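Trainee: To be precise about what I am sending: the file is called start-v9.cif and holds mmCIF, C-alpha atoms and all ligand atoms.
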```
data_data
#
loop_
_atom_site.label_atom_id
_atom_site.label_comp_id
_atom_site.auth_asym_id
_atom_site.auth_seq_id
_atom_site.Cartn_x
_atom_site.Cartn_y
_atom_site.Cartn_z
CA MET S 13 0.00 0.00 0.00
CA LEU S 14 1.32 3.40 -0.94
CA SER S 15 1.61 6.26 1.55
CA ALA S 16 -0.32 9.49 0.86
CA ASP S 17 2.87 11.13 -0.37
CA GLU S 18 3.67 8.20 -2.70
CA MET S 19 0.14 8.48 -4.15
CA LYS S 20 0.62 12.23 -4.69
CA GLN S 21 3.93 11.51 -6.39
CA LYS S 22 2.36 8.97 -8.77
CA ALA S 23 -0.52 11.32 -9.60
CA GLY S 24 1.97 14.13 -10.27
CA ALA S 25 4.11 11.92 -12.50
CA HIS S 26 1.04 10.82 -14.49
CA ALA S 27 -0.14 14.43 -14.92
CA ALA S 28 3.28 15.40 -16.28
CA THR S 29 2.80 12.94 -19.17
CA LEU S 30 -0.19 15.03 -20.34
CA VAL S 31 2.01 18.06 -21.12
CA ASN S 32 3.10 18.42 -24.75
CA ASN S 33 5.94 20.27 -26.43
CA GLY S 34 5.39 24.02 -26.79
CA MET S 35 2.64 24.26 -24.17
CA THR S 36 2.24 27.02 -21.62
CA VAL S 37 1.53 25.27 -18.33
CA GLY S 38 -0.07 26.60 -15.14
CA LEU S 39 1.82 25.20 -12.16
CA GLY S 40 -0.18 24.60 -8.97
CA THR S 41 0.89 24.97 -5.37
CA GLY S 42 1.26 22.35 -2.63
CA SER S 43 2.87 18.96 -2.12
CA THR S 44 1.03 17.23 -4.99
CA ALA S 45 1.81 20.10 -7.35
CA ASN S 46 5.45 19.93 -6.25
CA HIS S 47 5.61 16.30 -7.41
CA PHE S 48 4.08 17.33 -10.75
CA ILE S 49 6.64 20.14 -11.10
CA ALA S 50 9.52 17.73 -10.36
CA ALA S 51 8.24 15.26 -12.98
CA LEU S 52 7.77 18.08 -15.51
CA ALA S 53 11.29 19.35 -14.80
CA ALA S 54 12.65 15.85 -15.52
CA ARG S 55 10.93 15.97 -18.93
CA VAL S 56 12.33 19.46 -19.56
CA LYS S 57 15.83 18.09 -18.88
CA GLU S 58 15.13 15.49 -21.58
CA GLY S 59 14.26 18.24 -24.09
CA LEU S 60 10.58 19.14 -23.56
CA ARG S 61 10.03 22.85 -24.25
CA VAL S 62 7.41 24.57 -22.09
CA ASN S 63 6.71 27.93 -20.50
CA ALA S 64 5.21 27.88 -17.04
CA VAL S 65 2.94 30.27 -15.15
CA PRO S 66 3.30 29.63 -11.39
CA THR S 67 0.40 30.02 -8.94
CA SER S 68 2.52 31.23 -6.00
CA VAL S 69 5.88 32.65 -5.01
CA LYS S 70 6.88 29.23 -3.60
CA THR S 71 6.03 27.47 -6.85
CA LYS S 72 7.88 30.11 -8.88
CA GLU S 73 11.00 29.50 -6.76
CA LEU S 74 10.76 25.72 -7.12
CA ALA S 75 10.15 25.78 -10.88
CA THR S 76 13.03 28.20 -11.43
CA GLN S 77 15.39 26.10 -9.29
CA LEU S 78 14.46 23.00 -11.30
CA GLY S 79 15.16 24.70 -14.64
CA ILE S 80 11.60 25.28 -15.89
CA SER S 81 11.15 28.50 -17.88
CA VAL S 82 8.76 30.75 -15.95
CA ILE S 83 6.78 33.62 -17.47
CA GLU S 84 4.47 36.26 -15.96
CA PHE S 85 0.72 35.51 -16.01
CA ASP S 86 0.05 38.78 -17.86
CA ASP S 87 2.57 37.80 -20.55
CA ALA S 88 0.94 34.44 -21.29
CA GLU S 89 -1.09 34.71 -24.49
CA THR S 90 -2.73 31.46 -23.57
CA ILE S 91 -2.41 28.78 -20.89
CA ASP S 92 -2.85 25.41 -22.53
CA ILE S 93 -3.10 23.34 -19.38
CA ALA S 94 -3.05 24.08 -15.64
CA VAL S 95 -2.35 21.32 -13.13
CA ASP S 96 -2.92 21.57 -9.39
CA GLY S 97 -3.76 19.64 -6.24
CA ALA S 98 -6.82 20.16 -4.03
CA ASP S 99 -7.96 19.72 -0.45
CA GLU S 100 -11.22 18.04 -1.47
CA ILE S 101 -12.50 16.75 -4.82
CA SER S 102 -16.16 15.86 -5.32
CA TYR S 103 -17.29 13.28 -7.87
CA GLN S 104 -18.70 16.20 -9.93
CA LEU S 105 -15.10 17.58 -9.95
CA ASN S 106 -15.93 20.56 -7.76
CA LEU S 107 -13.09 21.38 -5.38
CA ILE S 108 -12.09 22.98 -2.15
CA LYS S 109 -8.66 24.55 -2.49
CA GLY S 110 -6.58 26.99 -0.49
CA GLY S 111 -5.16 24.80 2.25
CA GLY S 112 -1.81 26.14 1.05
CA GLY S 113 -3.16 29.68 0.86
CA ALA S 114 -2.67 30.22 -2.87
CA MET S 115 -6.24 29.92 -4.15
CA LEU S 116 -6.60 33.44 -5.55
CA GLN S 117 -3.80 33.03 -8.07
CA GLU S 118 -4.66 29.32 -8.51
CA LYS S 119 -8.25 30.17 -9.45
CA MET S 120 -7.23 32.97 -11.85
CA ILE S 121 -4.87 30.61 -13.65
CA ALA S 122 -7.30 27.64 -13.64
CA HIS S 123 -10.02 29.90 -15.04
CA THR S 124 -7.71 31.13 -17.83
CA ALA S 125 -6.41 27.69 -18.80
CA LYS S 126 -7.92 25.84 -21.75
CA GLN S 127 -7.81 22.72 -19.59
CA PHE S 128 -7.58 22.55 -15.79
CA ILE S 129 -6.55 19.21 -14.31
CA VAL S 130 -6.71 18.38 -10.62
CA MET S 131 -4.61 15.65 -9.01
CA GLY S 132 -4.97 13.90 -5.69
CA ASP S 133 -4.54 10.83 -3.60
CA GLU S 134 -7.70 8.82 -2.97
CA THR S 135 -8.30 10.48 0.43
CA LYS S 136 -9.16 13.77 -1.32
CA MET S 137 -12.33 12.33 -2.92
CA VAL S 138 -15.58 13.22 -1.13
CA VAL S 139 -19.30 12.85 -1.78
CA HIS S 140 -20.02 16.35 -0.46
CA LEU S 141 -17.50 19.16 -0.04
CA GLY S 142 -17.12 20.80 3.35
CA LYS S 143 -15.37 18.55 5.83
CA PHE S 144 -12.20 20.52 5.03
CA PRO S 145 -12.76 24.10 6.27
CA LEU S 146 -13.37 26.37 3.30
CA PRO S 147 -10.61 28.99 2.89
CA VAL S 148 -11.91 32.47 2.09
CA GLU S 149 -9.37 35.18 1.20
CA VAL S 150 -10.27 38.63 2.57
CA VAL S 151 -8.72 42.08 2.69
CA PRO S 152 -7.23 42.80 6.13
CA TYR S 153 -9.34 45.96 6.55
CA GLY S 154 -12.56 45.07 8.37
CA TRP S 155 -11.91 41.33 8.46
CA LYS S 156 -13.88 40.88 11.69
CA GLN S 157 -16.95 42.42 10.02
CA VAL S 158 -16.53 39.95 7.17
CA GLN S 159 -16.14 37.13 9.73
CA ARG S 160 -19.50 38.11 11.32
CA LYS S 161 -21.20 38.25 7.92
CA ILE S 162 -19.93 34.77 7.03
CA GLU S 163 -21.25 33.48 10.37
CA ALA S 164 -24.58 35.17 9.61
CA ILE S 165 -24.99 33.17 6.38
CA GLY S 166 -24.79 29.94 8.37
CA CYS S 167 -21.16 29.14 9.04
CA ASP S 168 -20.59 27.40 12.39
CA LYS S 169 -17.07 28.70 12.93
CA VAL S 170 -14.90 31.20 11.03
CA VAL S 171 -11.25 31.13 12.04
CA LEU S 172 -8.57 33.64 11.05
CA ARG S 173 -5.65 31.59 9.71
CA VAL S 174 -2.53 31.80 11.90
CA ARG S 175 0.83 30.20 11.11
CA ASN S 176 3.83 30.22 13.47
CA GLU S 177 1.81 32.37 15.89
CA LYS S 178 1.37 35.11 13.28
CA THR S 179 -1.60 36.00 11.09
CA TYR S 180 -1.07 34.21 7.78
CA ILE S 181 -0.56 36.67 4.91
CA THR S 182 -1.09 35.54 1.32
CA ASP S 183 1.17 36.37 -1.63
CA HIS S 184 -1.27 39.20 -2.34
CA GLN S 185 -1.15 40.60 1.22
CA HIS S 186 -4.58 39.33 2.26
CA PHE S 187 -5.83 37.29 5.24
CA ILE S 188 -7.51 33.90 5.09
CA LEU S 189 -10.63 32.93 7.04
CA ASP S 190 -11.05 29.15 7.37
CA CYS S 191 -14.80 28.59 7.36
CA HIS S 192 -16.36 25.50 8.97
CA PHE S 193 -19.64 25.14 7.07
CA GLY S 194 -19.92 21.37 7.36
CA GLU S 195 -21.45 19.59 4.36
CA ILE S 196 -21.80 22.02 1.44
CA ARG S 197 -24.84 20.87 -0.58
CA GLU S 198 -25.00 23.82 -2.99
CA PRO S 199 -21.42 24.98 -3.59
CA ASP S 200 -22.39 27.36 -6.39
CA LYS S 201 -24.93 29.23 -4.22
CA LEU S 202 -22.52 29.40 -1.30
CA ASN S 203 -19.76 30.74 -3.54
CA SER S 204 -22.07 33.51 -4.82
CA LYS S 205 -23.19 34.44 -1.28
CA LEU S 206 -19.60 34.65 -0.07
CA LYS S 207 -18.45 36.66 -3.07
CA SER S 208 -21.25 39.18 -2.53
CA ILE S 209 -19.75 40.18 0.84
CA PRO S 210 -17.60 43.30 0.38
CA GLY S 211 -14.09 42.50 1.57
CA VAL S 212 -14.11 38.92 0.28
CA VAL S 213 -11.48 38.61 -2.42
CA GLU S 214 -11.91 34.96 -3.41
CA THR S 215 -13.12 31.64 -2.07
CA GLY S 216 -11.54 28.20 -2.23
CA LEU S 217 -14.61 26.77 -4.01
CA PHE S 218 -13.58 25.76 -7.56
CA ILE S 219 -16.83 24.96 -9.32
CA GLY S 220 -16.98 23.69 -12.88
CA LEU S 221 -13.31 24.49 -13.49
CA ALA S 222 -11.67 21.06 -13.40
CA LYS S 223 -12.15 19.03 -16.57
CA LYS S 224 -10.22 16.01 -15.38
CA ALA S 225 -9.12 14.52 -12.06
CA ILE S 226 -6.12 12.23 -11.75
CA ILE S 227 -6.55 10.12 -8.65
CA CYS S 228 -4.01 7.65 -7.28
CA HIS S 229 -5.30 4.75 -5.17
CA PRO S 230 -3.34 3.05 -2.36
CA ASP S 231 -2.58 0.04 -4.63
CA GLY S 232 -0.89 2.42 -7.09
CA ARG S 233 -3.71 2.40 -9.62
CA ILE S 234 -4.25 5.71 -11.42
CA GLU S 235 -7.80 6.67 -12.24
CA GLU S 236 -8.77 9.49 -14.58
CA LEU S 237 -12.19 11.03 -13.94
CA ASP S 238 -13.59 13.33 -16.61
CA GLU S 239 -16.18 16.02 -16.10
C1 LIG P 301 -2.88 25.36 -2.19
C2 LIG P 301 -3.86 24.29 -2.50
C3 LIG P 301 -3.34 22.88 -2.56
O1 LIG P 301 -3.54 22.41 -3.83
C4 LIG P 301 -4.09 22.04 -1.57
O2 LIG P 301 -3.94 22.61 -0.27
C5 LIG P 301 -3.60 20.60 -1.59
O3 LIG P 301 -2.31 20.53 -1.09
P1 LIG P 301 -1.47 19.18 -1.09
O4 LIG P 301 -1.21 18.83 -2.51
O5 LIG P 301 -0.21 19.57 -0.33
O6 LIG P 301 -2.26 18.13 -0.37
O7 LIG P 301 -5.01 24.51 -2.74
O8 LIG P 301 -3.52 26.61 -2.09
#
```
For the file at hand, write its structure as structure tokens.
Mentor:
Amino acid sequence: MLSADEMKQKAGAHAATLVNNGMTVGLGTGSTANHFIAALAARVKEGLRVNAVPTSVKTKELATQLGISVIEFDDAETIDIAVDGADEISYQLNLIKGGGGAMLQEKMIAHTAKQFIVMGDETKMVVHLGKFPLPVEVVPYGWKQVQRKIEAIGCDKVVLRVRNEKTYITDHQHFILDCHFGEIREPDKLNSKLKSIPGVVETGLFIGLAKKAIICHPDGRIEELDE
């Protein structure tokens, strides 16, 4: 039986085989995405030519270190394929993302890509999203007012993200509120409600964006789920 990290590694390696010569590739953020980036870098060393658009400062650093050509998002005429991990993946291929705090850039790049592919180990698959607290990126100004408004639309607990005893700050200088909604039956409606609150920048709900999921099972079997 493979460990969770071994499953992520296999999913990442499989996803890297879907990249073709000349493509512009959106690079996700997180441990699964890091495995994909390493596998892509190995193909680049063998002669594959790609340009990459990273979804975070961390990913930009890793891709650059590994010899992948990185370009600015605004300079990409097109993004052929974007590949990323997720915190939860429903069987309809809706996602919760943002455990790693990069969902704003991740969503902008996934939305721009011609094809957005999500990868995960089997434990990421869920019938209903919501066990993983939903990350919501907010501007620092008035964040407690936003917290109250999210509670008022039915969230049990809204927690300001803290790392190493300091408020977590995203690459875009925002805060993250981790929102414990429990089972999310209507992700689209919830996303709209959250985005109508002034001060909310983006949510970790990725609805209708992923066209394919690459899932690795504990026995090493890779499954591709299409939308
Ligand atoms: C970062 C993310 C990640 O994709 C998500 O947290 C999954 O991470 P990992 O691949 O480490 O399990 O959304 O913002």
Trainee: So that each row is one residue of chain S with an atom at most 10 Å from ligand LIG 301 (chain P), can you give its shortest atom pair and the distance in Å to one decimal, using all atoms listed in the file, rows by chain and rising number, as JSON lines?
Mentor:
```
{"residue": "S:Ala16", "atom": "CA", "partner": "P:LIG301", "partner_atom": "O6", "distance": 8.9}
{"residue": "S:Asp17", "atom": "CA", "partner": "P:LIG301", "partner_atom": "O6", "distance": 8.7}
{"residue": "S:Lys20", "atom": "CA", "partner": "P:LIG301", "partner_atom": "O4", "distance": 7.2}
{"residue": "S:Gln21", "atom": "CA", "partner": "P:LIG301", "partner_atom": "O4", "distance": 9.7}
{"residue": "S:Gly24", "atom": "CA", "partner": "P:LIG301", "partner_atom": "O4", "distance": 9.6}
{"residue": "S:Gly40", "atom": "CA", "partner": "P:LIG301", "partner_atom": "O1", "distance": 6.5}
{"residue": "S:Thr41", "atom": "CA", "partner": "P:LIG301", "partner_atom": "C1", "distance": 4.9}
{"residue": "S:Gly42", "atom": "CA", "partner": "P:LIG301", "partner_atom": "O5", "distance": 3.9}
{"residue": "S:Ser43", "atom": "CA", "partner": "P:LIG301", "partner_atom": "O5", "distance": 3.6}
{"residue": "S:Thr44", "atom": "CA", "partner": "P:LIG301", "partner_atom": "O4", "distance": 3.7}
{"residue": "S:Ala45", "atom": "CA", "partner": "P:LIG301", "partner_atom": "O4", "distance": 5.8}
{"residue": "S:Asn46", "atom": "CA", "partner": "P:LIG301", "partner_atom": "O4", "distance": 7.7}
{"residue": "S:His47", "atom": "CA", "partner": "P:LIG301", "partner_atom": "O4", "distance": 8.8}
{"residue": "S:Phe48", "atom": "CA", "partner": "P:LIG301", "partner_atom": "O4", "distance": 9.9}
{"residue": "S:Thr67", "atom": "CA", "partner": "P:LIG301", "partner_atom": "O8", "distance": 8.6}
{"residue": "S:Ser68", "atom": "CA", "partner": "P:LIG301", "partner_atom": "O8", "distance": 8.6}
{"residue": "S:Val95", "atom": "CA", "partner": "P:LIG301", "partner_atom": "O1", "distance": 9.4}
{"residue": "S:Asp96", "atom": "CA", "partner": "P:LIG301", "partner_atom": "O1", "distance": 5.7}
{"residue": "S:Gly97", "atom": "CA", "partner": "P:LIG301", "partner_atom": "O1", "distance": 3.7}
{"residue": "S:Ala98", "atom": "CA", "partner": "P:LIG301", "partner_atom": "O1", "distance": 4.0}
{"residue": "S:Asp99", "atom": "CA", "partner": "P:LIG301", "partner_atom": "C5", "distance": 4.6}
{"residue": "S:Glu100", "atom": "CA", "partner": "P:LIG301", "partner_atom": "C5", "distance": 8.0}
{"residue": "S:Leu107", "atom": "CA", "partner": "P:LIG301", "partner_atom": "O7", "distance": 9.1}
{"residue": "S:Ile108", "atom": "CA", "partner": "P:LIG301", "partner_atom": "O7", "distance": 7.3}
{"residue": "S:Lys109", "atom": "CA", "partner": "P:LIG301", "partner_atom": "O7", "distance": 3.7}
{"residue": "S:Gly110", "atom": "CA", "partner": "P:LIG301", "partner_atom": "O8", "distance": 3.5}
{"residue": "S:Gly111", "atom": "CA", "partner": "P:LIG301", "partner_atom": "O2", "distance": 3.6}
{"residue": "S:Gly112", "atom": "CA", "partner": "P:LIG301", "partner_atom": "C1", "distance": 3.5}
{"residue": "S:Gly113", "atom": "CA", "partner": "P:LIG301", "partner_atom": "O8", "distance": 4.3}
{"residue": "S:Ala114", "atom": "CA", "partner": "P:LIG301", "partner_atom": "O8", "distance": 3.8}
{"residue": "S:Met115", "atom": "CA", "partner": "P:LIG301", "partner_atom": "O8", "distance": 4.8}
{"residue": "S:Leu116", "atom": "CA", "partner": "P:LIG301", "partner_atom": "O8", "distance": 8.3}
{"residue": "S:Gln117", "atom": "CA", "partner": "P:LIG301", "partner_atom": "O8", "distance": 8.8}
{"residue": "S:Glu118", "atom": "CA", "partner": "P:LIG301", "partner_atom": "O8", "distance": 7.1}
{"residue": "S:Lys119", "atom": "CA", "partner": "P:LIG301", "partner_atom": "O7", "distance": 9.4}
{"residue": "S:Val130", "atom": "CA", "partner": "P:LIG301", "partner_atom": "O1", "distance": 8.5}
{"residue": "S:Met131", "atom": "CA", "partner": "P:LIG301", "partner_atom": "O4", "distance": 8.0}
{"residue": "S:Gly132", "atom": "CA", "partner": "P:LIG301", "partner_atom": "O4", "distance": 7.0}
{"residue": "S:Asp133", "atom": "CA", "partner": "P:LIG301", "partner_atom": "O6", "distance": 8.3}
{"residue": "S:Thr135", "atom": "CA", "partner": "P:LIG301", "partner_atom": "O6", "distance": 9.8}
{"residue": "S:Lys136", "atom": "CA", "partner": "P:LIG301", "partner_atom": "O6", "distance": 8.2}
{"residue": "S:Pro147", "atom": "CA", "partner": "P:LIG301", "partner_atom": "O8", "distance": 9.0}
{"residue": "S:Thr182", "atom": "CA", "partner": "P:LIG301", "partner_atom": "O8", "distance": 9.9}
{"residue": "S:Gly216", "atom": "CA", "partner": "P:LIG301", "partner_atom": "O7", "distance": 7.5}
{"residue": "S:Leu217", "atom": "CA", "partner": "P:LIG301", "partner_atom": "O7", "distance": 9.9}
{"residue": "S:Phe218", "atom": "CA", "partner": "P:LIG301", "partner_atom": "O7", "distance": 9.9}
```
Trainee: Need to verify the contact set: segment 77-79 of chain S, 8 Å, only C-alpha atoms, exclusion of same-chain residues closer than 4 positions in sequence. Can you return it as a ChimeraX atom specification?
Mentor: /S:50,53,56-57,73
Trainee: Using Å and a single decimal, report how far atom CA of Leu221 of chain S sits from atom CA of Val150 of chain S.
Mentor: 21.6 Å
Trainee: So the first atom is atom CA of Glu89 of chain S and the second is atom CA of His123 of chain S; what is the distance between them in Å, to one decimal place?
Mentor: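 The value is 13.9 Å.
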Trainee: Atom CA of Gly220 of chain S and atom CA of Cys191 of chain S are how many Å apart?
Mentor: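 Rounded to one decimal, the two atoms are 20.9 Å apart.
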Trainee: How would you write as a PDB file with C-alpha atoms, in the coordinates of the input the residues that get within 7 Å of (-13.9, 38.9, 1.3) in the file's frame, counting only C-alpha atoms?
Mentor:
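File written: result32.pdb
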```
ATOM      1  CA  VAL S 148     -11.910  32.470   2.090  1.00  0.00           C
ATOM      2  CA  GLU S 149      -9.370  35.180   1.200  1.00  0.00           C
ATOM      3  CA  VAL S 150     -10.270  38.630   2.570  1.00  0.00           C
ATOM      4  CA  VAL S 151      -8.720  42.080   2.690  1.00  0.00           C
ATOM      5  CA  VAL S 158     -16.530  39.950   7.170  1.00  0.00           C
ATOM      6  CA  LYS S 207     -18.450  36.660  -3.070  1.00  0.00           C
ATOM      7  CA  ILE S 209     -19.750  40.180   0.840  1.00  0.00           C
ATOM      8  CA  PRO S 210     -17.600  43.300   0.380  1.00  0.00           C
ATOM      9  CA  GLY S 211     -14.090  42.500   1.570  1.00  0.00           C
ATOM     10  CA  VAL S 212     -14.110  38.920   0.280  1.00  0.00           C
ATOM     11  CA  VAL S 213     -11.480  38.610  -2.420  1.00  0.00           C
ATOM     12  CA  GLU S 214     -11.910  34.960  -3.410  1.00  0.00           C
TER      13      GLU S 214
END
```
Trainee: Please determine the residues with any atom at most 9 Å from (-10.3, 25.7, -21.7) (coordinates as given in the file, with only C-alpha atoms counting) and report them as a ChimeraX atom specification.
Mentor: /S:91-93,122-128,221,223
Trainee: If you keep C-alpha atoms, can you produce a file of those selected residues as a PDB file, in the coordinates of the input?
Mentor:
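Written output follows (out_30.pdb):
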```
ATOM      1  CA  ILE S  91      -2.410  28.780 -20.890  1.00  0.00           C
ATOM      2  CA  ASP S  92      -2.850  25.410 -22.530  1.00  0.00           C
ATOM      3  CA  ILE S  93      -3.100  23.340 -19.380  1.00  0.00           C
ATOM      4  CA  ALA S 122      -7.300  27.640 -13.640  1.00  0.00           C
ATOM      5  CA  HIS S 123     -10.020  29.900 -15.040  1.00  0.00           C
ATOM      6  CA  THR S 124      -7.710  31.130 -17.830  1.00  0.00           C
ATOM      7  CA  ALA S 125      -6.410  27.690 -18.800  1.00  0.00           C
ATOM      8  CA  LYS S 126      -7.920  25.840 -21.750  1.00  0.00           C
ATOM      9  CA  GLN S 127      -7.810  22.720 -19.590  1.00  0.00           C
ATOM     10  CA  PHE S 128      -7.580  22.550 -15.790  1.00  0.00           C
ATOM     11  CA  LEU S 221     -13.310  24.490 -13.490  1.00  0.00           C
ATOM     12  CA  LYS S 223     -12.150  19.030 -16.570  1.00  0.00           C
TER      13      LYS S 223
END
```
Trainee: Using only C-alpha atoms, find the one residue out of S:Thr36, S:Gln159, S:Thr29, S:Thr179 that sits nearest to Arg55 of chain S.
Mentor: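 The answer is S:Thr29, which sits nearest to Arg55 of chain S.
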Trainee: Return as lines of an AutoDock Vina configuration file the centre and edge lengths, in Å with one decimal, of the box along x, y and z that encloses every atom of segment 130-145 of chain S in the file, padded by 8 Å per side.
Mentor:
```
center_x = -12.3
center_y = 16.5
center_z = -2.2
size_x = 31.5
size_y = 31.3
size_z = 32.9
```
Trainee: Point out the residue among S:Ile83, S:Phe187, S:Val138, S:Ile226 with the least atom-to-atom distance to Lys156 of chain S, counting all atoms listed in the file.
Mentor: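 Of S:Ile83, S:Phe187, S:Val138, S:Ile226, the one nearest Lys156 of chain S, counting all atoms listed in the file, is S:Phe187.
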Trainee: Applying 9 Å and only C-alpha atoms, which residues near Lys72 of chain S remain after dropping the ones on its own chain fewer than 6 positions away? List them as an mmCIF file with C-alpha atoms, keeping the file's coordinate frame.
Mentor:
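Here's the written file selection26.cif:
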```cif
data_model
loop_
_atom_site.group_PDB
_atom_site.id
_atom_site.type_symbol
_atom_site.label_atom_id
_atom_site.label_comp_id
_atom_site.auth_asym_id
_atom_site.auth_seq_id
_atom_site.Cartn_x
_atom_site.Cartn_y
_atom_site.Cartn_z
ATOM 1 C CA LEU S 39 1.820 25.200 -12.160
ATOM 2 C CA ALA S 64 5.210 27.880 -17.040
ATOM 3 C CA VAL S 65 2.940 30.270 -15.150
ATOM 4 C CA PRO S 66 3.300 29.630 -11.390
ATOM 5 C CA VAL S 82 8.760 30.750 -15.950
#
```
Trainee: Mind checking which residues fall within 9 Å of Gly194 of chain S, counting all atoms listed in the file, ignoring those fewer than 4 positions away in the same chain, and posting them as a PyMOL selection string?
Mentor: chain S and resi 141-145+167-168
Trainee: So, with only C-alpha atoms as the atoms that count, which of S:Lys169, S:His26, S:Arg61, S:Lys161 lies closest to Cys228 of chain S?
Mentor: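 Nearest to Cys228 of chain S: S:His26.
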Trainee: Using only C-alpha atoms, find the one residue out of S:Glu18, S:Glu58, S:Asp238, S:Asp183 that sits nearest to Asn33 of chain S.
Mentor: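 The answer is S:Glu58, which sits nearest to Asn33 of chain S.
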Trainee: Given the choices S:Ile196, S:Leu206, S:Ala225, S:Leu146, which gets closest to Leu172 of chain S if the distance is worked out from only C-alpha atoms?
Mentor: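 Selected residue with least distance to Leu172 of chain S: S:Leu146.
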